[in-house]
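Q: Could you have a look at this structure, given as structure tokens, before my questions?
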Amino acid sequence: MPDAATARDEVFVGRVAELAAFRQALAGGPAAPVLLHLHGPGGIGKSALLRRFTAEALAAGRHVVSVDGHDVGGRPEAIEAAARDAFGDDRVLLVIDGFEQCRGLECWLRTRFLPRLPEHAVIVIAGRLPLAPEWRRDPGWAPVLRTIALGELPPRDAGALLTARGVPSELHASVLADAGGLPLALSLAAELALREHGWQHTEDVASALLEALAGEVPSAAHRHALRLFAHARTTTPELLRAALPWEETAALYAWLAALPFVESCQAGLYPHDLVRQALDEGVRGGGEREYRSMHRRILQHLVERARTAGEPLAVEDATQYIYRVGDVKRRYFTFDGDGQLVQDSYRPEDRAELLAMARQAEGAETARMVAFWLDHQPQNFAVYRSRGTARPVAFMARLGFATVEEAELAADPMVAAAWERCRATGGLAAGEHFSIVRFLVDPAAPRRPSPAMDLMLQDCLAASLRDAGMVVAFSVWSDPDFWQPLLGYADYHPVPGGDRRIDGRRHALFAHDWREVPLPQWLDTLPAAL
């Protein structure tokens with residue numbers, strides 16, 4: 001895979017103190033740090049500094065092992081696999097970039113993973129947020145940890161970056177006034193100044209660059225590929241071939257990789273967050289009909305991978321692509337979990353805590369029904385735990401039925417309403433069943449978006465895509481007016497007569513009948529919302 005930074009001849013200036021700290025770590029000695037942590041906002045130059053660290057370590061004879069948070073997410077087993085070569089060389093440099101993607105693993109890294117590295121290993125972790133205070137309180141890590149908060153480049157270094165990028169000195173003052181000292185903004189501004197042979201004042205460097213770039217995009221296929229970046233978590237050669245099957249996608253992929261706002265990891269290419277939204281809003285043209293057809297092909301590709309591939313990121317790619325759309329994303333998702341929560345199965349020792357959460361978030365009647373279903377379908381409860389403590393913080397139940405017993409009908413009016421609807425629409429054939437998402441409980445944000453709700457919605461969609469034999473999908477919502485636009489987007493509609501009052505609040509039943517709107521047809525409805 002081409003490296004985006006190499007393809008565009010990355011320029012590095014400044015960061016003298018940071019390089020001195022790293023060189024001290026490489027040299028070793030009693031006062032040398034073992035772990036360097038770089039943190040700062042997006043675009044501040046963390047990844048560029050890591051690449052410089054890597055080059056110096058290789059020149060010093062160090063073995064370098066790099067892990068990208070975009071590749072591993074919040075999964076310990078993925079980090080173990082990506083970093084397995086770090087355990088075979090005493091002079092290893094382990095680099096973890098994009099740490100905000102797996103920040104929930106801090107406790108595991110601090111107590112279980114990093115202490116196993118060879119004695120003379122050097123570790124560099126880079127992310128957007130500071131490390132948790134526990135690192136400073138840990139007697140093993142505190143003496144060998146060096147934290148570096150990256151700030152904007154000072155004017156002299158910012159000017160040097162523009163000079164290295166080929167920007168004439170007479171434009172520096174006006175470019176710096178708009179781009180400041182943020183390295184990414186400076187790089188984008190330099191690109192724009194060279195393209196435009198001058199500089200016009202702009203408050204949004206990323207959008208201005210994309211506007212200029214759009215006029216020079218070689219073809220409609222290139223323009224469509226740019227818009228693909230706005231929604232796909234990563235763009236791979238396979239995804240590009242699925243999106244544009246008649247194009248020469250190898251050359252197109254190389255063109256994307258060389259763009260000044262594109263980063264690369266093992267999982268593929270992705271734009272910097274500063275330009276992701278501008279890409280979708282600013283790069284138009286090439287035909288909206290063709291654009292929507294491309295999205296249908298992308299959906300089919302990602303959903304098929306989610307249904308058949310074993311890796312968890314395949315499901316995440318599909319569900320995030322479906323949900324990262326306009327108002328759906330802005331109103332209903334936080335995308336702010338940072339890997340701090342992990343989905344797990346229900347354990348008997350969780351019972352008291354789950355009932356307390358149900359009582360707190362909804363009420364006593366809901367807690368009674370949770371208790372009933374914990375007795376009858378405990379395997380269908382998903383518990384979301386804090387990675388640091390393993391304590392439950394939220395839970396969901398997705399119940400399944402080939403038939404419904406009288407005791408179950410009497411215990412839960414929402415399941416009774418679902419069964420009534422199922423029978424009224426033809427019942428179930430042999431081998432078929434229906435599901436009902438019955439509880440979505442997060443006491444920290446009852447009935448509203450939250451990191452836990454992000455995971456629950458993702459898991460609901462993933463289960464619908466992968467559940468063989470499930471012909472009708474129901475879900476129950478205790479604030480249906482708020483959630484109905486999202487449910488309508490996903491083609492879930494209110495069941496007539498499906499409302500009940502529970503704990504003094506209206507609960508509404510929604511359904512999608514996969515017999516009436518099967519998966520291929522359902523996918524065709526989604527691009528209309530883009």
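Within each chain, counting starts at residue 1; across the structure tokens, chains are named A, B, ... in the order shown, with ligands numbered 1 upward in that order.
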Taking the chain letters and numbering used in this document, name the residues of region 335-496 of chain A that DSSP puts in strand (DSSP E or B), as a PyMOL selection string.

A: chain A and resi 341-345+381-386+392-401+433-441+470-477+493-494

Q: Env of region 110-121 of chain A: 12 Å cut, atoms = only C-alpha atoms, seq-sep filter 2 positions within chain, self excluded. Answer as a compact mmCIF listing (two decimals) with all heavy atoms, in the first residue's frame.

A:
# COMPACT_ATOMS: atom_id res chain seq x y z
N ALA A 25 15.61 9.21 25.03
CA ALA A 25 15.02 7.89 25.26
C ALA A 25 15.79 6.81 24.50
O ALA A 25 16.05 5.72 25.03
CB ALA A 25 13.55 7.90 24.85
N LEU A 26 16.17 7.11 23.25
CA LEU A 26 16.93 6.12 22.47
C LEU A 26 18.29 5.84 23.09
O LEU A 26 18.75 4.69 23.10
CB LEU A 26 17.12 6.63 21.04
CG LEU A 26 15.92 6.63 20.09
CD1 LEU A 26 16.37 7.04 18.70
CD2 LEU A 26 15.24 5.28 20.04
N ALA A 27 18.92 6.87 23.61
CA ALA A 27 20.25 6.69 24.18
C ALA A 27 20.22 5.92 25.48
O ALA A 27 21.19 5.25 25.85
CB ALA A 27 20.90 8.06 24.39
N GLY A 28 19.10 5.99 26.21
CA GLY A 28 19.00 5.30 27.48
C GLY A 28 19.74 6.02 28.57
O GLY A 28 20.19 7.16 28.43
N GLY A 29 19.89 5.37 29.70
CA GLY A 29 20.55 5.98 30.85
C GLY A 29 19.60 6.14 32.02
O GLY A 29 18.38 6.00 31.87
N PRO A 30 20.13 6.47 33.19
CA PRO A 30 19.31 6.51 34.41
C PRO A 30 18.14 7.49 34.34
O PRO A 30 17.08 7.23 34.89
CB PRO A 30 20.31 6.93 35.49
CG PRO A 30 21.64 6.55 34.94
CD PRO A 30 21.56 6.72 33.45
N ALA A 32 16.71 8.69 31.51
CA ALA A 32 16.04 8.67 30.21
C ALA A 32 14.61 8.17 30.33
O ALA A 32 14.33 7.23 31.08
CB ALA A 32 16.81 7.79 29.24
N PRO A 33 13.67 8.77 29.60
CA PRO A 33 12.30 8.24 29.60
C PRO A 33 12.24 6.93 28.83
O PRO A 33 13.04 6.68 27.92
CB PRO A 33 11.50 9.33 28.89
CG PRO A 33 12.50 10.03 28.02
CD PRO A 33 13.81 9.97 28.75
N VAL A 34 11.30 6.10 29.23
CA VAL A 34 11.03 4.85 28.51
C VAL A 34 9.77 5.00 27.66
O VAL A 34 9.67 4.43 26.58
CB VAL A 34 10.87 3.69 29.52
CG1 VAL A 34 10.37 2.43 28.82
CG2 VAL A 34 12.19 3.42 30.22
N LEU A 35 8.82 5.77 28.17
CA LEU A 35 7.54 5.98 27.48
C LEU A 35 7.35 7.47 27.22
O LEU A 35 7.35 8.28 28.16
CB LEU A 35 6.37 5.45 28.32
CG LEU A 35 4.96 5.82 27.87
CD1 LEU A 35 4.68 5.30 26.47
CD2 LEU A 35 3.93 5.27 28.85
N LEU A 36 7.22 7.83 25.93
CA LEU A 36 6.87 9.19 25.55
C LEU A 36 5.41 9.20 25.12
O LEU A 36 4.99 8.34 24.32
CB LEU A 36 7.73 9.68 24.39
CG LEU A 36 9.23 9.84 24.62
CD1 LEU A 36 9.90 10.30 23.33
CD2 LEU A 36 9.50 10.84 25.72
N ALA A 57 15.04 6.24 14.75
CA ALA A 57 15.23 4.96 15.43
C ALA A 57 15.84 3.93 14.49
O ALA A 57 16.75 3.17 14.87
CB ALA A 57 13.90 4.46 15.98
N ARG A 62 17.57 0.55 15.69
CA ARG A 62 16.42 0.03 16.43
C ARG A 62 15.47 -0.71 15.49
O ARG A 62 15.31 -0.35 14.32
CB ARG A 62 15.65 1.17 17.10
CG ARG A 62 16.36 1.81 18.28
CD ARG A 62 15.93 1.18 19.58
NE ARG A 62 16.59 1.78 20.74
CZ ARG A 62 16.28 1.48 21.99
NH1 ARG A 62 15.33 0.60 22.25
NH2 ARG A 62 16.93 2.06 22.99
N HIS A 63 14.83 -1.73 16.03
CA HIS A 63 13.74 -2.42 15.34
C HIS A 63 12.45 -1.67 15.69
O HIS A 63 12.16 -1.46 16.86
CB HIS A 63 13.67 -3.87 15.79
CG HIS A 63 12.48 -4.61 15.25
ND1 HIS A 63 12.18 -4.67 13.91
CD2 HIS A 63 11.48 -5.31 15.89
CE1 HIS A 63 11.09 -5.40 13.74
NE2 HIS A 63 10.65 -5.78 14.91
N VAL A 64 11.69 -1.25 14.68
CA VAL A 64 10.50 -0.44 14.92
C VAL A 64 9.25 -1.26 14.63
O VAL A 64 9.14 -1.89 13.56
CB VAL A 64 10.51 0.83 14.03
CG1 VAL A 64 9.23 1.64 14.26
CG2 VAL A 64 11.74 1.68 14.33
N VAL A 65 8.31 -1.25 15.57
CA VAL A 65 7.00 -1.88 15.41
C VAL A 65 5.96 -0.79 15.57
O VAL A 65 5.92 -0.11 16.61
CB VAL A 65 6.77 -3.00 16.44
CG1 VAL A 65 5.36 -3.55 16.31
CG2 VAL A 65 7.80 -4.11 16.25
N PRO A 76 -8.05 -5.56 22.43
CA PRO A 76 -6.72 -6.00 22.89
C PRO A 76 -6.09 -7.04 21.98
O PRO A 76 -4.89 -6.99 21.73
CB PRO A 76 -7.01 -6.57 24.29
CG PRO A 76 -8.28 -5.91 24.73
CD PRO A 76 -9.08 -5.71 23.47
N GLU A 77 -6.90 -7.99 21.49
CA GLU A 77 -6.33 -9.04 20.66
C GLU A 77 -5.74 -8.49 19.37
O GLU A 77 -4.77 -9.04 18.83
CB GLU A 77 -7.38 -10.12 20.35
CG GLU A 77 -8.56 -9.68 19.49
CD GLU A 77 -9.66 -8.96 20.24
OE1 GLU A 77 -9.46 -8.65 21.45
OE2 GLU A 77 -10.72 -8.72 19.64
N ILE A 79 -4.31 -5.47 19.06
CA ILE A 79 -3.03 -4.86 19.42
C ILE A 79 -1.98 -5.95 19.63
O ILE A 79 -0.82 -5.82 19.20
CB ILE A 79 -3.17 -3.98 20.66
CG1 ILE A 79 -4.00 -2.74 20.33
CG2 ILE A 79 -1.80 -3.56 21.19
CD1 ILE A 79 -4.12 -1.74 21.45
N GLU A 80 -2.35 -7.03 20.30
CA GLU A 80 -1.42 -8.15 20.49
C GLU A 80 -0.90 -8.64 19.14
O GLU A 80 0.30 -8.89 18.98
CB GLU A 80 -2.13 -9.29 21.23
CG GLU A 80 -2.48 -9.01 22.67
CD GLU A 80 -1.33 -9.34 23.62
OE1 GLU A 80 -0.22 -9.66 23.14
OE2 GLU A 80 -1.56 -9.28 24.84
N ALA A 81 -1.80 -8.78 18.18
CA ALA A 81 -1.39 -9.29 16.87
C ALA A 81 -0.51 -8.28 16.14
O ALA A 81 0.51 -8.64 15.55
CB ALA A 81 -2.63 -9.62 16.03
N ALA A 83 1.39 -6.00 17.35
CA ALA A 83 2.66 -5.70 18.04
C ALA A 83 3.44 -6.95 18.41
O ALA A 83 4.40 -6.86 19.19
CB ALA A 83 2.38 -4.87 19.30
N ARG A 84 3.09 -8.08 17.85
CA ARG A 84 3.74 -9.32 18.29
C ARG A 84 5.25 -9.31 18.06
O ARG A 84 6.01 -9.91 18.82
CB ARG A 84 3.10 -10.53 17.60
CG ARG A 84 3.21 -10.54 16.10
CD ARG A 84 2.57 -11.81 15.50
NE ARG A 84 2.57 -11.79 14.06
CZ ARG A 84 1.58 -11.29 13.33
NH1 ARG A 84 0.51 -10.79 13.93
NH2 ARG A 84 1.63 -11.31 12.01
N ASP A 85 5.72 -8.60 17.01
CA ASP A 85 7.16 -8.56 16.75
C ASP A 85 7.93 -7.72 17.76
O ASP A 85 9.16 -7.75 17.79
CB ASP A 85 7.42 -8.02 15.34
CG ASP A 85 6.98 -8.98 14.25
OD1 ASP A 85 6.75 -10.15 14.57
OD2 ASP A 85 6.84 -8.54 13.09
N ALA A 86 7.21 -6.97 18.60
CA ALA A 86 7.90 -6.12 19.58
C ALA A 86 8.51 -6.92 20.71
O ALA A 86 9.34 -6.39 21.46
CB ALA A 86 6.91 -5.09 20.15
N PHE A 87 8.15 -8.18 20.84
CA PHE A 87 8.62 -8.96 21.98
C PHE A 87 9.87 -9.78 21.67
O PHE A 87 10.41 -10.44 22.54
CB PHE A 87 7.50 -9.90 22.45
CG PHE A 87 6.30 -9.16 22.98
CD1 PHE A 87 5.24 -8.85 22.15
CD2 PHE A 87 6.25 -8.75 24.30
CE1 PHE A 87 4.14 -8.16 22.63
CE2 PHE A 87 5.16 -8.05 24.79
CZ PHE A 87 4.11 -7.75 23.94
N GLY A 88 10.36 -9.68 20.42
CA GLY A 88 11.49 -10.51 20.05
C GLY A 88 12.81 -9.78 19.95
O GLY A 88 13.81 -10.38 19.55
N ASP A 89 12.84 -8.48 20.28
CA ASP A 89 14.06 -7.69 20.12
C ASP A 89 14.18 -6.74 21.30
O ASP A 89 13.29 -5.93 21.54
CB ASP A 89 14.02 -6.92 18.81
CG ASP A 89 15.35 -6.25 18.47
OD1 ASP A 89 16.13 -5.97 19.40
OD2 ASP A 89 15.61 -6.01 17.28
N ASP A 90 15.29 -6.81 22.03
CA ASP A 90 15.46 -5.98 23.22
C ASP A 90 15.58 -4.50 22.87
O ASP A 90 15.33 -3.64 23.71
CB ASP A 90 16.71 -6.43 23.99
CG ASP A 90 16.79 -5.80 25.37
OD1 ASP A 90 15.77 -5.83 26.10
OD2 ASP A 90 17.85 -5.26 25.71
N ARG A 91 15.95 -4.18 21.62
CA ARG A 91 16.10 -2.77 21.22
C ARG A 91 14.96 -2.34 20.31
O ARG A 91 15.15 -1.70 19.29
CB ARG A 91 17.45 -2.57 20.52
CG ARG A 91 18.63 -2.63 21.48
CD ARG A 91 19.96 -2.52 20.74
NE ARG A 91 20.01 -1.45 19.76
CZ ARG A 91 20.19 -0.16 20.05
NH1 ARG A 91 20.32 0.20 21.33
NH2 ARG A 91 20.24 0.75 19.10
N VAL A 92 13.75 -2.66 20.70
CA VAL A 92 12.59 -2.33 19.89
C VAL A 92 12.07 -0.94 20.24
O VAL A 92 12.17 -0.47 21.38
CB VAL A 92 11.47 -3.38 20.09
CG1 VAL A 92 10.87 -3.29 21.50
CG2 VAL A 92 10.39 -3.23 19.04
N LEU A 93 11.54 -0.26 19.23
CA LEU A 93 10.74 0.95 19.42
C LEU A 93 9.31 0.59 19.06
O LEU A 93 9.03 0.23 17.90
CB LEU A 93 11.23 2.10 18.54
CG LEU A 93 10.28 3.32 18.47
CD1 LEU A 93 10.18 4.01 19.82
CD2 LEU A 93 10.71 4.29 17.38
N LEU A 94 8.41 0.67 20.03
CA LEU A 94 6.99 0.43 19.78
C LEU A 94 6.28 1.77 19.67
O LEU A 94 6.32 2.58 20.60
CB LEU A 94 6.37 -0.40 20.90
CG LEU A 94 4.84 -0.59 20.82
CD1 LEU A 94 4.46 -1.37 19.56
CD2 LEU A 94 4.31 -1.29 22.07
N VAL A 95 5.64 2.00 18.53
CA VAL A 95 4.93 3.25 18.27
C VAL A 95 3.44 2.95 18.14
O VAL A 95 3.04 2.10 17.33
CB VAL A 95 5.44 3.92 16.98
CG1 VAL A 95 4.62 5.18 16.67
CG2 VAL A 95 6.92 4.24 17.09
N ILE A 96 2.63 3.63 18.93
CA ILE A 96 1.17 3.49 18.84
C ILE A 96 0.60 4.86 18.47
O ILE A 96 0.65 5.80 19.27
CB ILE A 96 0.55 3.00 20.16
CG1 ILE A 96 1.17 1.65 20.57
CG2 ILE A 96 -0.97 2.86 20.01
CD1 ILE A 96 0.67 1.13 21.91
N ARG A 103 -8.55 4.30 23.26
CA ARG A 103 -8.21 4.89 24.54
C ARG A 103 -8.75 4.07 25.72
O ARG A 103 -8.21 4.12 26.82
CB ARG A 103 -8.74 6.33 24.60
CG ARG A 103 -8.27 7.12 25.79
CD ARG A 103 -8.50 8.60 25.56
NE ARG A 103 -8.19 9.36 26.76
CZ ARG A 103 -9.10 9.81 27.60
NH1 ARG A 103 -10.37 9.58 27.36
NH2 ARG A 103 -8.75 10.49 28.66
N GLY A 104 -9.83 3.33 25.50
CA GLY A 104 -10.37 2.52 26.57
C GLY A 104 -9.46 1.39 27.01
O GLY A 104 -9.75 0.71 28.00
N LEU A 105 -8.36 1.19 26.29
CA LEU A 105 -7.42 0.12 26.64
C LEU A 105 -6.29 0.59 27.55
O LEU A 105 -5.35 -0.15 27.78
CB LEU A 105 -6.83 -0.49 25.37
CG LEU A 105 -7.80 -1.15 24.41
CD1 LEU A 105 -7.06 -1.68 23.19
CD2 LEU A 105 -8.56 -2.28 25.09
N GLU A 106 -6.38 1.82 28.06
CA GLU A 106 -5.27 2.36 28.85
C GLU A 106 -4.91 1.46 30.02
O GLU A 106 -3.73 1.19 30.27
CB GLU A 106 -5.62 3.76 29.36
CG GLU A 106 -5.40 4.85 28.35
CD GLU A 106 -5.46 6.22 28.98
OE1 GLU A 106 -4.55 6.55 29.75
OE2 GLU A 106 -6.43 6.94 28.72
N CYS A 107 -5.90 1.03 30.77
CA CYS A 107 -5.61 0.20 31.95
C CYS A 107 -4.93 -1.10 31.54
O CYS A 107 -3.94 -1.52 32.16
CB CYS A 107 -6.90 -0.06 32.73
SG CYS A 107 -6.67 -1.07 34.21
N TRP A 108 -5.44 -1.73 30.51
CA TRP A 108 -4.86 -2.98 30.02
C TRP A 108 -3.43 -2.76 29.54
O TRP A 108 -2.53 -3.55 29.84
CB TRP A 108 -5.74 -3.54 28.91
CG TRP A 108 -5.18 -4.74 28.21
CD1 TRP A 108 -5.20 -6.04 28.66
CD2 TRP A 108 -4.51 -4.76 26.94
NE1 TRP A 108 -4.58 -6.85 27.74
CE2 TRP A 108 -4.16 -6.11 26.68
CE3 TRP A 108 -4.20 -3.78 26.01
CZ2 TRP A 108 -3.51 -6.48 25.52
CZ3 TRP A 108 -3.54 -4.14 24.85
CH2 TRP A 108 -3.20 -5.49 24.61
N ILE A 123 8.94 3.19 24.09
CA ILE A 123 7.54 3.22 23.69
C ILE A 123 7.13 4.66 23.42
O ILE A 123 7.45 5.56 24.20
CB ILE A 123 6.63 2.65 24.80
CG1 ILE A 123 7.12 1.27 25.24
CG2 ILE A 123 5.18 2.59 24.35
CD1 ILE A 123 6.77 0.93 26.67
N VAL A 124 6.43 4.87 22.32
CA VAL A 124 5.86 6.19 22.01
C VAL A 124 4.39 6.00 21.71
O VAL A 124 4.02 5.18 20.85
CB VAL A 124 6.56 6.86 20.81
CG1 VAL A 124 5.94 8.24 20.56
CG2 VAL A 124 8.05 7.00 21.06
N ILE A 125 3.55 6.74 22.42
CA ILE A 125 2.10 6.70 22.21
C ILE A 125 1.65 8.11 21.84
O ILE A 125 2.04 9.08 22.48
CB ILE A 125 1.36 6.24 23.48
CG1 ILE A 125 1.75 4.80 23.83
CG2 ILE A 125 -0.15 6.34 23.31
CD1 ILE A 125 1.15 4.31 25.15
N LEU A 131 -3.06 11.16 28.81
CA LEU A 131 -3.27 9.88 29.45
C LEU A 131 -4.03 10.05 30.77
O LEU A 131 -4.03 11.13 31.36
CB LEU A 131 -1.91 9.22 29.74
CG LEU A 131 -1.11 8.73 28.53
CD1 LEU A 131 0.25 8.22 28.98
CD2 LEU A 131 -1.85 7.65 27.76
N ALA A 132 -4.65 8.98 31.20
CA ALA A 132 -5.39 9.01 32.47
C ALA A 132 -4.42 9.26 33.63
O ALA A 132 -3.23 8.91 33.56
CB ALA A 132 -6.12 7.69 32.68
N PRO A 133 -4.91 9.86 34.73
CA PRO A 133 -4.03 10.17 35.87
C PRO A 133 -3.36 8.95 36.49
O PRO A 133 -2.33 9.09 37.16
CB PRO A 133 -5.00 10.83 36.87
CG PRO A 133 -6.14 11.32 36.05
CD PRO A 133 -6.27 10.36 34.91
N GLU A 134 -3.93 7.76 36.27
CA GLU A 134 -3.36 6.56 36.87
C GLU A 134 -1.91 6.31 36.44
O GLU A 134 -1.13 5.70 37.18
CB GLU A 134 -4.21 5.33 36.52
CG GLU A 134 -5.51 5.23 37.28
CD GLU A 134 -6.57 6.19 36.78
OE1 GLU A 134 -6.37 6.78 35.68
OE2 GLU A 134 -7.60 6.36 37.46
N TRP A 135 -1.53 6.77 35.24
CA TRP A 135 -0.15 6.59 34.81
C TRP A 135 0.81 7.34 35.73
O TRP A 135 1.88 6.83 36.07
CB TRP A 135 0.03 7.09 33.37
CG TRP A 135 -0.71 6.31 32.34
CD1 TRP A 135 -2.01 6.45 31.98
CD2 TRP A 135 -0.19 5.24 31.53
NE1 TRP A 135 -2.34 5.55 30.99
CE2 TRP A 135 -1.24 4.81 30.69
CE3 TRP A 135 1.06 4.64 31.40
CZ2 TRP A 135 -1.08 3.79 29.75
CZ3 TRP A 135 1.23 3.63 30.46
CH2 TRP A 135 0.17 3.21 29.66
N ARG A 136 0.42 8.55 36.13
CA ARG A 136 1.27 9.35 37.01
C ARG A 136 1.30 8.80 38.43
O ARG A 136 2.27 9.02 39.17
CB ARG A 136 0.77 10.79 37.05
CG ARG A 136 1.00 11.57 35.76
CD ARG A 136 2.48 11.81 35.58
NE ARG A 136 2.75 12.63 34.39
CZ ARG A 136 3.95 12.81 33.89
NH1 ARG A 136 5.00 12.24 34.46
NH2 ARG A 136 4.14 13.57 32.82
N ARG A 137 0.25 8.09 38.81
CA ARG A 137 0.20 7.52 40.16
C ARG A 137 0.83 6.14 40.24
O ARG A 137 1.02 5.60 41.33
CB ARG A 137 -1.25 7.47 40.65
CG ARG A 137 -1.89 8.84 40.82
CD ARG A 137 -3.15 8.75 41.65
NE ARG A 137 -4.25 8.16 40.92
CZ ARG A 137 -5.21 8.86 40.31
NH1 ARG A 137 -5.18 10.19 40.35
NH2 ARG A 137 -6.19 8.26 39.68
N ASP A 138 1.14 5.56 39.09
CA ASP A 138 1.73 4.22 39.05
C ASP A 138 3.22 4.33 39.35
O ASP A 138 3.97 4.97 38.60
CB ASP A 138 1.50 3.61 37.66
CG ASP A 138 1.89 2.15 37.59
OD1 ASP A 138 3.01 1.81 38.04
OD2 ASP A 138 1.09 1.35 37.09
N PRO A 139 3.70 3.72 40.43
CA PRO A 139 5.12 3.86 40.79
C PRO A 139 6.07 3.27 39.76
O PRO A 139 7.25 3.65 39.70
CB PRO A 139 5.23 3.12 42.13
CG PRO A 139 4.06 2.18 42.15
CD PRO A 139 2.97 2.87 41.39
N GLY A 140 5.58 2.36 38.93
CA GLY A 140 6.44 1.80 37.90
C GLY A 140 6.57 2.71 36.69
O GLY A 140 7.65 2.81 36.09
N TRP A 141 5.50 3.40 36.33
CA TRP A 141 5.51 4.22 35.12
C TRP A 141 5.89 5.68 35.38
O TRP A 141 6.49 6.33 34.51
CB TRP A 141 4.15 4.16 34.43
CG TRP A 141 3.90 2.87 33.73
CD1 TRP A 141 2.99 1.91 34.07
CD2 TRP A 141 4.58 2.37 32.59
NE1 TRP A 141 3.06 0.85 33.21
CE2 TRP A 141 4.03 1.10 32.29
CE3 TRP A 141 5.61 2.85 31.79
CZ2 TRP A 141 4.48 0.33 31.21
CZ3 TRP A 141 6.05 2.09 30.71
CH2 TRP A 141 5.49 0.84 30.44
N ALA A 142 5.50 6.22 36.51
CA ALA A 142 5.71 7.65 36.75
C ALA A 142 7.15 8.11 36.51
O ALA A 142 7.37 9.15 35.87
CB ALA A 142 5.25 8.01 38.16
N VAL A 144 9.43 7.02 34.50
CA VAL A 144 9.95 6.83 33.14
C VAL A 144 9.01 7.36 32.07
O VAL A 144 9.22 7.14 30.88
CB VAL A 144 10.23 5.32 32.87
CG1 VAL A 144 11.31 4.82 33.81
CG2 VAL A 144 8.96 4.49 33.01
N LEU A 145 7.97 8.08 32.48
CA LEU A 145 7.00 8.63 31.54
C LEU A 145 7.33 10.10 31.26
O LEU A 145 7.53 10.88 32.19
CB LEU A 145 5.58 8.52 32.12
CG LEU A 145 4.47 9.28 31.39
CD1 LEU A 145 4.27 8.73 29.99
CD2 LEU A 145 3.16 9.20 32.19
N GLY A 388 -11.93 -0.41 31.79
CA GLY A 388 -11.02 -0.29 32.91
C GLY A 388 -11.42 -1.11 34.11
O GLY A 388 -10.57 -1.67 34.80

Q: If we count only C-alpha atoms and set the cut-off at 9 Å, which residues sit around region 410-417 of chain A, ignoring sequence neighbours fewer than 3 positions away in its own chain? Please answer as a PyMOL selection string.

A: chain A and resi 368-369+372+404-407+420-422+436+438+476+495+497-500+507-509

Q: Neighbouring residues of region 186-197 of chain A were defined as those with any atom within 8 Å, considering only C-alpha atoms; residues of the same chain fewer than 4 positions away were excluded. Please report them as a PyMOL selection string.

A: chain A and resi 158+161-162+165-167+175-176+179-182+205-206+208-209+212+260-261

Q: Now that the selection is made, can you save its residues with N, CA and C atoms as a compact mmCIF listing (two decimals), in the first residue's frame?

A:
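Ended up saving to result02.txt:
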# COMPACT_ATOMS: atom_id res chain seq x y z
N ALA A 158 6.66 27.94 11.44
CA ALA A 158 5.56 27.93 10.48
C ALA A 158 6.02 28.53 9.15
N LEU A 161 8.13 26.05 7.32
CA LEU A 161 7.33 25.02 6.67
C LEU A 161 6.79 25.52 5.34
N LEU A 162 6.30 26.76 5.31
CA LEU A 162 5.80 27.32 4.05
C LEU A 162 6.92 27.44 3.02
N ARG A 165 7.67 24.18 1.57
CA ARG A 165 6.59 23.77 0.66
C ARG A 165 6.59 24.57 -0.63
N GLY A 166 7.47 25.56 -0.74
CA GLY A 166 7.57 26.31 -1.97
C GLY A 166 6.73 27.56 -2.03
N VAL A 167 6.19 28.02 -0.89
CA VAL A 167 5.37 29.22 -0.88
C VAL A 167 6.27 30.45 -0.87
N VAL A 175 -0.83 34.09 4.50
CA VAL A 175 -1.14 32.67 4.72
C VAL A 175 -1.16 32.36 6.21
N LEU A 176 -0.16 32.85 6.94
CA LEU A 176 -0.10 32.59 8.37
C LEU A 176 -1.28 33.21 9.11
N ALA A 179 -3.99 30.49 8.41
CA ALA A 179 -3.70 29.09 8.80
C ALA A 179 -3.14 28.97 10.20
N GLY A 180 -2.60 30.06 10.76
CA GLY A 180 -2.01 29.98 12.09
C GLY A 180 -0.81 29.07 12.10
N GLY A 181 -0.61 28.38 13.23
CA GLY A 181 0.54 27.50 13.35
C GLY A 181 0.20 26.03 13.33
N LEU A 182 -1.03 25.69 12.89
CA LEU A 182 -1.44 24.28 12.83
C LEU A 182 -0.78 23.64 11.61
N VAL A 205 -9.56 26.98 5.48
CA VAL A 205 -8.51 26.56 4.56
C VAL A 205 -8.87 25.25 3.88
N ALA A 206 -9.41 24.29 4.68
CA ALA A 206 -9.73 22.97 4.11
C ALA A 206 -10.76 23.08 3.00
N ALA A 208 -11.53 25.73 1.23
CA ALA A 208 -10.98 26.48 0.11
C ALA A 208 -10.09 25.59 -0.76
N LEU A 209 -9.29 24.74 -0.11
CA LEU A 209 -8.46 23.82 -0.88
C LEU A 209 -9.32 22.87 -1.71
N ALA A 212 -10.78 24.54 -4.72
CA ALA A 212 -9.79 24.68 -5.78
C ALA A 212 -9.46 23.33 -6.41
N PRO A 260 -2.97 15.83 -0.21
CA PRO A 260 -2.31 16.39 0.98
C PRO A 260 -3.09 16.23 2.28
N PHE A 261 -4.35 15.82 2.22
CA PHE A 261 -5.14 15.67 3.44
C PHE A 261 -5.47 14.22 3.75

Q: What's the 8 Å shell around Leu299 (chain A), counting only C-alpha atoms, without same-chain residues fewer than 2 positions away, as a ChimeraX atom specification?

A: /A:295-297,301-303,318,321-322,523

Q: As JSON, numbers by chain, please: every residue in region 140-374 of chain A that a backbone DSSP assignment puts in helix (DSSP H, G or I).

A: {"A": [142, 143, 144, 155, 156, 157, 158, 159, 160, 161, 162, 163, 164, 169, 170, 171, 172, 173, 174, 175, 176, 177, 178, 179, 183, 184, 185, 186, 187, 188, 189, 190, 191, 192, 193, 194, 195, 196, 205, 206, 207, 208, 209, 210, 211, 212, 213, 214, 220, 221, 222, 223, 224, 225, 226, 227, 228, 237, 238, 239, 240, 241, 242, 243, 249, 250, 251, 252, 253, 254, 255, 256, 257, 273, 274, 275, 276, 277, 278, 279, 280, 281, 282, 288, 289, 290, 291, 292, 293, 294, 295, 296, 297, 298, 299, 300, 301, 302, 303, 304, 305, 306, 307, 308, 312, 313, 314, 315, 316, 317, 318, 319, 320, 321, 322, 323, 326, 327, 328, 329, 330, 331, 332, 348, 349, 350, 351, 352, 353, 354, 355, 356, 357, 358, 359, 360, 361, 364, 365, 366, 367, 368, 369, 370, 371, 372, 373, 374]}
